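First comes the structure, then the notes that go with it.
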Protein chains: 2
Amino acid sequence: MLSFCRPVYWLGKDTLRVSAALFAENRRRLCQGMKATDGVAPKSVVVLQGGEQKQRYCTDTDMLFRQVHVRIGVPLRGQNTDSGSTCREASFEGISQFQVNNTLLHPVIVECRLTKTDMELEVLRYTNRISSEAHKEIMKHVRPGQKEYEMESLFQHYCYSHGGMRHTSYTCICGTGNNGSVLHYGHAGAPNDKTIDDGDMCLFDMGGEYYCYSSDITCSFPANGKFTPDQKAIYEAVLKSSRAVMAAIKPEVKWTEMHRLADRVHLEELVKIGILHGSVEDMLKVHMGSVFMPHGLGHLLGIDVHDVGGYPEGIERVNEPGLKSLRMGRLVQERMVLTVEPGIYFINHLLDQALANPAQSCFINNEVLTRFRSFGGVRIEDDIAVTASGMELLTCVPRTVEEIEAFMADRGKSF
Amino acid sequence: MLSFCRPVYWLGKDTLRVSAALFAENRRRLCQGMKATDGVAPKSVVVLQGGEQKQRYCTDTDMLFRQVHVRIGVPLRGQNTDSGSTCREASFEGISQFQVNNTLLHPVIVECRLTKTDMELEVLRYTNRISSEAHKEIMKHVRPGQKEYEMESLFQHYCYSHGGMRHTSYTCICGTGNNGSVLHYGHAGAPNDKTIDDGDMCLFDMGGEYYCYSSDITCSFPANGKFTPDQKAIYEAVLKSSRAVMAAIKPEVKWTEMHRLADRVHLEELVKIGILHGSVEDMLKVHMGSVFMPHGLGHLLGIDVHDVGGYPEGIERVNEPGLKSLRMGRLVQERMVLTVEPGIYFINHLLDQALANPAQSCFINNEVLTRFRSFGGVRIEDDIAVTASGMELLTCVPRTVEEIEAFMADRGKSF
């Protein structure tokens, strides 16, 4: 019997062994795509720059290196539809002696990244497993009186020491109390520095990455482990929309419709809670959903946390509140990996705007709403892989109110 | 009695309260320096950009924001003597309507940063205390069989959760065994991913920062807590040079002479160990010291880990092996903060070069040297502040062989 010793990337202990075959397969897919492209001369070579060591401003302090993407390199001459940043092509001394085409590669790379191979799904399952465990570690350790950044620190430590994840996929968002309604909390101006209060909802959006493969998970739960009736009501409204979307996801479904579905469920539930009243159909016509969820339902995920390809040529963003922030306009396809991240937030300037707009204020019970003014927000974010007939849930954390309360009640014993 | 409520920057719990007066004092110093500069028009305004939110390559993923320097901003039109990076001046829409001078500011800022105020020293003492504690935490937890990156992760977690330090001052270097001889270990190509072996020396160079004030500490110790005779001999040789330098530091001393002093002590000790033989004076003439310590003795430290101002106009680097890597060519001044970081490394390509050079090989006992070929290295790095008559040691970790062995022997009890 023959046995093959295949090269692997591995960080020891219980971390995942990533076969070099994953990258070989991706190179093969890229070449196949290039060969099918008009205008590629025979015997052409693809040159991709793996990354660049950068320094902090004008100092000689190196920033922590991160590859562009292990998988298939720089999307040449492409533009990111969110940040507007343009990619630089690879370059080396003597390149002028070659015939260079800088336009053919980008669309092929984007198509390659849009759907994941089996080996890539394996890595994405791993990043989700480790990051899910790290979120559970937080739920076990969080206590009123701590600082939000202690949770960020613990998350990173868990992911790195148990999972070999030196990088997070994005800056950790550890919003508690009203900070849960600040969508990009955790960044420069608000670096997770609030003290966690008893009675706060936590909204922790954090994900680790392994060999550049990302995860993106949000858990929302009460800091003290026990939901108040209002917290339970909002949380279950979001969970309902999350599960409604998951039940509907399958190939050929329009992602914009999934976003609209989440909006609809939120509005129905907000009527039941008493914050809104009237016809949900009429609310949808005036975009009431975006008052409570101003961001998109979810996005492609892979080598970057917001993976490329959400809007290929010919597909435009829908210019409506909420939907215009959706990062993916395509039909859902098998092997896509996506986040499903509905949320309900009480963002005071958006609420005030809605109250000042007669077309929207007519649906609002302001007395009830007032009770939620410092609530913050709830987001439930899972990562999923689309299958032939539905989806696979990659994230594994306690999700129902009962699961969360039981899990957190148990924590006393772990000390 | 009147009491004043002064604004402070603070991250809660036991972290340091940094008074806004620190920054006011620095602005005052800057203005004073500018007023003393020829060519500054009356009623001029200094505009400094605090930093820039950057993204990873062409993605929309924000990198963790870090201010340029809280203290006094961008050194305009300056060039870093190590990295060659040039600073960008601040800019805003409409700046063209102002008369702008981009050359006057840089030298004044550099002079301001060269020496530290009392309030700055207080912050630097704090960063050193927390980072020292984190190093001790590592010494308590390290075990053969672990991965180097687990130690990096634990260090970062300690500094962040106990000290409010979201950033490290530089990428952690966690070299064990032979990796201790790789001066920039820990970076992209060698990301602290070796398994720690029994018998390895650890060389851990890590420092946290607080409101941009850096620390830079290296501890060297055996992974299993007990020095072998060879490890003890090399370690004590380095400790001797460290302490000789510290005893000599005071205002007006030449920093290049401190580097030469460390070289001399190393060579004397290497003769005693038997790796070298012959006249140390003769060895110094052929730069034998740089075979074992190819880097500089230490550098200015402050807002950046390699702080600015080491080579003002008129002072050139000494073009000799070793000394040419020294980042500071000035006379030592009161209120300078510096690292003292002598080291002895067994870097095989440098040893082979020396053996191939008759002027150097005549001093080498190759039989003895062979025993040290996979030793790695020892570096002992402390941060110091220069006082009127000597220096203050900011770093506080076990340093003698006896202190380290006693501290690590005790660790069984902490679990």
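Ligands are numbered from 1 in the order shown, chains are lettered A, B, ... in the order of the structure tokens, and residues start at 1 in each chain.
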Using only C-alpha atoms, which residues sit within 9 Å of stretch 398-414 of chain A once same-chain residues fewer than 4 positions away are excluded, as a PDB file with C-alpha atoms, in the first residue's frame?
ATOM      1  CA  LYS A 136     -19.157  30.925  24.582  1.00  0.00           C
ATOM      2  CA  MET A 139     -20.689  34.278  27.873  1.00  0.00           C
ATOM      3  CA  LYS A 140     -19.152  32.243  30.671  1.00  0.00           C
ATOM      4  CA  HIS A 141     -16.920  35.079  31.888  1.00  0.00           C
ATOM      5  CA  CYS A 219     -24.012  37.150  19.974  1.00  0.00           C
ATOM      6  CA  SER A 220     -26.492  39.273  21.925  1.00  0.00           C
ATOM      7  CA  PHE A 221     -27.316  38.451  25.533  1.00  0.00           C
ATOM      8  CA  PRO A 222     -27.862  40.141  28.893  1.00  0.00           C
ATOM      9  CA  ASN A 224     -26.138  39.366  33.969  1.00  0.00           C
ATOM     10  CA  GLY A 225     -27.373  36.226  32.239  1.00  0.00           C
ATOM     11  CA  LYS A 226     -31.103  36.831  32.641  1.00  0.00           C
ATOM     12  CA  PHE A 227     -33.348  38.519  30.035  1.00  0.00           C
ATOM     13  CA  LYS A 232     -36.623  38.813  25.629  1.00  0.00           C
ATOM     14  CA  TYR A 235     -34.312  39.258  21.105  1.00  0.00           C
ATOM     15  CA  GLU A 236     -36.997  36.791  20.035  1.00  0.00           C
ATOM     16  CA  LEU A 239     -34.293  35.375  16.268  1.00  0.00           C
ATOM     17  CA  ILE A 380     -27.953  37.731  15.777  1.00  0.00           C
TER      18      ILE A 380
END
Stretch 174-176 of chain A: which residues within 10 Å, counting only C-alpha atoms, same-chain residues fewer than 2 positions away excluded, as a PyMOL selection string? chain A and resi 147-152+171-172+178-187+190-197+199-206+218-223+375-377
Quick check, in Å to one decimal: how far apart do atom CA of A:Leu301 and atom CA of A:Glu341 lie? 12.3 Å
What's around A:Ser44 at 12 Å? Count only C-alpha atoms, leave out sequence neighbours fewer than 5 positions away in its own chain, and write the answer as an MDAnalysis selection string. chainID A and resid 31 34:35 39 98:101 104:105
At a cut-off of 9 Å, using only C-alpha atoms, what residues contact B:Ser389? Leave out same-chain residues fewer than 3 positions from it and give the result as a JSON list (two decimals) with C-alpha atoms, in the first residue's frame.
[["chain", "number", "residue", "atom", "x", "y", "z"],
["B", 249, "ILE", "CA", 25.00, 55.77, 32.14],
["B", 250, "LYS", "CA", 24.64, 59.43, 33.10],
["B", 251, "PRO", "CA", 24.23, 62.73, 31.26],
["B", 334, "GLU", "CA", 18.73, 63.81, 31.44],
["B", 386, "VAL", "CA", 18.30, 59.11, 32.49]]
Polymer residues at most 10 Å from stretch 349-361 of chain A, only C-alpha atoms, same-chain spacing of 3 or more positions, as a list in words: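 Listed by chain and then number, they are Leu276, Asp282, Met283, Lys285, Val286, His287, Met288, Ser290, Val291, Phe292, Pro294, Tyr345, Phe346, Ile364, Asn365, Asn366, Leu369 and Arg373 of chain A.
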How about saving the chosen residues, all heavy atoms kept, as a short mmCIF file (atom, residue, chain, number, x, y, z; two decimals), in the first residue's frame?
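Okay, result_21.cif is ready:
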data_model
loop_
_atom_site.label_atom_id
_atom_site.label_comp_id
_atom_site.auth_asym_id
_atom_site.auth_seq_id
_atom_site.Cartn_x
_atom_site.Cartn_y
_atom_site.Cartn_z
N LEU A 276 -44.94 49.48 17.47
CA LEU A 276 -45.59 49.93 16.23
C LEU A 276 -47.05 49.50 16.24
O LEU A 276 -47.44 48.56 16.94
CB LEU A 276 -44.88 49.33 15.01
CG LEU A 276 -43.39 49.65 14.84
CD1 LEU A 276 -42.85 48.96 13.58
CD2 LEU A 276 -43.16 51.16 14.74
N ASP A 282 -48.28 48.59 4.79
CA ASP A 282 -48.11 50.04 4.63
C ASP A 282 -46.77 50.50 5.19
O ASP A 282 -46.12 51.39 4.64
CB ASP A 282 -49.26 50.79 5.34
CG ASP A 282 -50.60 50.57 4.63
OD1 ASP A 282 -50.57 50.10 3.46
OD2 ASP A 282 -51.65 50.83 5.26
N MET A 283 -46.35 49.89 6.29
CA MET A 283 -45.04 50.24 6.87
C MET A 283 -43.92 49.95 5.87
O MET A 283 -42.98 50.73 5.73
CB MET A 283 -44.77 49.42 8.14
CG MET A 283 -45.66 49.77 9.32
SD MET A 283 -45.23 48.70 10.71
CE MET A 283 -46.75 48.78 11.66
N LYS A 285 -44.00 50.02 2.74
CA LYS A 285 -43.97 51.01 1.65
C LYS A 285 -43.16 52.24 2.03
O LYS A 285 -42.59 52.90 1.17
CB LYS A 285 -45.40 51.43 1.28
CG LYS A 285 -46.13 50.36 0.48
CD LYS A 285 -47.57 50.75 0.19
CE LYS A 285 -48.37 49.51 -0.20
NZ LYS A 285 -49.79 49.62 0.22
N VAL A 286 -43.11 52.58 3.34
CA VAL A 286 -42.34 53.76 3.76
C VAL A 286 -41.03 53.36 4.47
O VAL A 286 -40.43 54.15 5.18
CB VAL A 286 -43.18 54.70 4.66
CG1 VAL A 286 -44.36 55.26 3.87
CG2 VAL A 286 -43.68 53.97 5.92
N HIS A 287 -40.61 52.12 4.21
CA HIS A 287 -39.30 51.64 4.68
C HIS A 287 -39.12 51.72 6.19
O HIS A 287 -38.05 52.09 6.68
CB HIS A 287 -38.16 52.42 3.98
CG HIS A 287 -38.35 52.53 2.50
ND1 HIS A 287 -38.40 51.43 1.69
CD2 HIS A 287 -38.53 53.60 1.70
CE1 HIS A 287 -38.60 51.80 0.44
NE2 HIS A 287 -38.69 53.13 0.42
N MET A 288 -40.17 51.37 6.92
CA MET A 288 -40.07 51.37 8.39
C MET A 288 -39.01 50.39 8.88
O MET A 288 -38.39 50.59 9.93
CB MET A 288 -41.42 50.98 9.02
CG MET A 288 -42.43 52.09 9.12
SD MET A 288 -41.85 53.54 10.03
CE MET A 288 -41.94 52.97 11.72
N SER A 290 -36.06 49.85 7.90
CA SER A 290 -34.70 50.41 7.98
C SER A 290 -34.53 51.36 9.16
O SER A 290 -33.40 51.71 9.50
CB SER A 290 -34.36 51.14 6.69
OG SER A 290 -35.12 52.33 6.59
N VAL A 291 -35.64 51.78 9.79
CA VAL A 291 -35.51 52.59 11.01
C VAL A 291 -34.89 51.74 12.11
O VAL A 291 -34.07 52.22 12.90
CB VAL A 291 -36.89 53.13 11.46
CG1 VAL A 291 -36.79 53.83 12.82
CG2 VAL A 291 -37.49 54.03 10.40
N PHE A 292 -35.24 50.47 12.13
CA PHE A 292 -34.76 49.57 13.18
C PHE A 292 -33.57 48.71 12.72
O PHE A 292 -32.80 48.25 13.55
CB PHE A 292 -35.91 48.68 13.67
CG PHE A 292 -37.04 49.49 14.26
CD1 PHE A 292 -38.14 49.86 13.51
CD2 PHE A 292 -36.96 49.92 15.58
CE1 PHE A 292 -39.16 50.64 14.05
CE2 PHE A 292 -37.97 50.69 16.14
CZ PHE A 292 -39.07 51.05 15.37
N PRO A 294 -30.89 49.53 9.94
CA PRO A 294 -30.42 50.36 8.82
C PRO A 294 -29.34 49.69 7.97
O PRO A 294 -28.97 50.23 6.94
CB PRO A 294 -29.86 51.61 9.53
CG PRO A 294 -29.54 51.18 10.92
CD PRO A 294 -30.47 50.07 11.26
N TYR A 345 -32.37 47.72 16.36
CA TYR A 345 -31.61 48.70 17.15
C TYR A 345 -32.49 49.89 17.46
O TYR A 345 -33.36 50.25 16.66
CB TYR A 345 -30.39 49.20 16.36
CG TYR A 345 -29.61 48.08 15.73
CD1 TYR A 345 -29.92 47.65 14.44
CD2 TYR A 345 -28.59 47.44 16.41
CE1 TYR A 345 -29.23 46.60 13.85
CE2 TYR A 345 -27.88 46.40 15.84
CZ TYR A 345 -28.22 45.98 14.55
OH TYR A 345 -27.53 44.93 13.98
N PHE A 346 -32.23 50.49 18.60
CA PHE A 346 -32.92 51.73 18.96
C PHE A 346 -31.91 52.86 18.87
O PHE A 346 -31.23 53.19 19.84
CB PHE A 346 -33.56 51.59 20.34
CG PHE A 346 -34.62 50.51 20.33
CD1 PHE A 346 -34.30 49.20 20.62
CD2 PHE A 346 -35.93 50.82 19.96
CE1 PHE A 346 -35.26 48.20 20.57
CE2 PHE A 346 -36.90 49.82 19.90
CZ PHE A 346 -36.57 48.50 20.21
N ILE A 364 -45.94 54.71 14.91
CA ILE A 364 -45.16 54.55 16.15
C ILE A 364 -45.98 54.87 17.40
O ILE A 364 -46.63 55.89 17.47
CB ILE A 364 -43.91 55.49 16.11
CG1 ILE A 364 -43.02 55.12 14.91
CG2 ILE A 364 -43.11 55.39 17.42
CD1 ILE A 364 -41.83 56.05 14.69
N ASN A 365 -45.94 53.96 18.37
CA ASN A 365 -46.46 54.24 19.71
C ASN A 365 -45.33 54.84 20.53
O ASN A 365 -44.52 54.12 21.11
CB ASN A 365 -46.92 52.95 20.40
CG ASN A 365 -48.24 52.46 19.87
OD1 ASN A 365 -49.07 53.25 19.44
ND2 ASN A 365 -48.42 51.13 19.90
N ASN A 366 -45.30 56.16 20.58
CA ASN A 366 -44.12 56.79 21.18
C ASN A 366 -43.97 56.47 22.67
O ASN A 366 -42.87 56.37 23.19
CB ASN A 366 -44.15 58.30 20.94
CG ASN A 366 -42.76 58.91 21.13
OD1 ASN A 366 -41.77 58.19 21.07
ND2 ASN A 366 -42.71 60.19 21.39
N LEU A 369 -42.31 53.19 22.81
CA LEU A 369 -40.96 53.34 22.28
C LEU A 369 -40.01 53.97 23.31
O LEU A 369 -38.85 53.58 23.42
CB LEU A 369 -40.99 54.20 21.01
CG LEU A 369 -39.62 54.47 20.35
CD1 LEU A 369 -38.98 53.17 19.87
CD2 LEU A 369 -39.77 55.43 19.17
N ARG A 373 -35.62 53.55 24.66
CA ARG A 373 -34.69 54.55 24.13
C ARG A 373 -33.23 54.27 24.47
O ARG A 373 -32.33 54.63 23.74
CB ARG A 373 -35.08 55.94 24.67
CG ARG A 373 -36.21 56.59 23.88
CD ARG A 373 -35.68 57.15 22.57
NE ARG A 373 -36.70 57.89 21.84
CZ ARG A 373 -36.43 58.71 20.83
NH1 ARG A 373 -35.18 58.89 20.44
NH2 ARG A 373 -37.40 59.32 20.19
#
Excluding stretch 8-21 of chain B and residues on its chain fewer than 4 positions from it, collect all residues at most 6 Å away from it, counting only C-alpha atoms, and give them as a short mmCIF file (atom, residue, chain, number, x, y, z; two decimals) with N, CA, C and O atoms, in the first residue's frame.
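The resulting selection-v1.cif:
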data_model
loop_
_atom_site.label_atom_id
_atom_site.label_comp_id
_atom_site.auth_asym_id
_atom_site.auth_seq_id
_atom_site.Cartn_x
_atom_site.Cartn_y
_atom_site.Cartn_z
N GLU B 25 0.88 70.46 28.33
CA GLU B 25 2.30 70.77 28.57
C GLU B 25 3.12 70.56 27.29
O GLU B 25 3.99 71.36 26.96
N GLY B 163 -4.06 46.02 31.73
CA GLY B 163 -3.45 47.34 31.58
C GLY B 163 -4.15 48.26 30.60
O GLY B 163 -3.71 49.39 30.41
N GLY B 164 -5.22 47.78 29.97
CA GLY B 164 -5.91 48.62 29.00
C GLY B 164 -5.11 48.87 27.73
O GLY B 164 -5.37 49.81 26.99
#
So which one's closest to chain A, B:Thr115, B:Ser279, B:Ser153, B:Thr168? Using only C-alpha atoms, please. B:Ser153
For atom CA of B:Arg6 and atom CA of B:Leu30, determine how far apart the two atoms are, in Å to one decimal place.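 Interatomic distance here is 21.7 Å.
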Atomic separation - atom CA of B:Lys240 relative to atom CA of B:Val123, Å: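 Distance between the two atoms: 28.6 Å.
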Mind the document's chain letters and residue numbers, and return as JSON, numbers by chain the residues of stretch 152-359 of chain A that DSSP labels strand (DSSP E or B). {"A": [168, 173, 174, 175, 176, 195, 201, 202, 203, 204, 205, 206, 208, 210, 213, 217, 218, 219, 220, 221, 222, 254, 276, 300, 331, 337, 338, 339, 340, 343, 344, 345]}
Among listed residues A:Ala244, A:Val271, A:Ala262, A:Cys58, nearest chain B (using only C-alpha atoms): A:Cys58
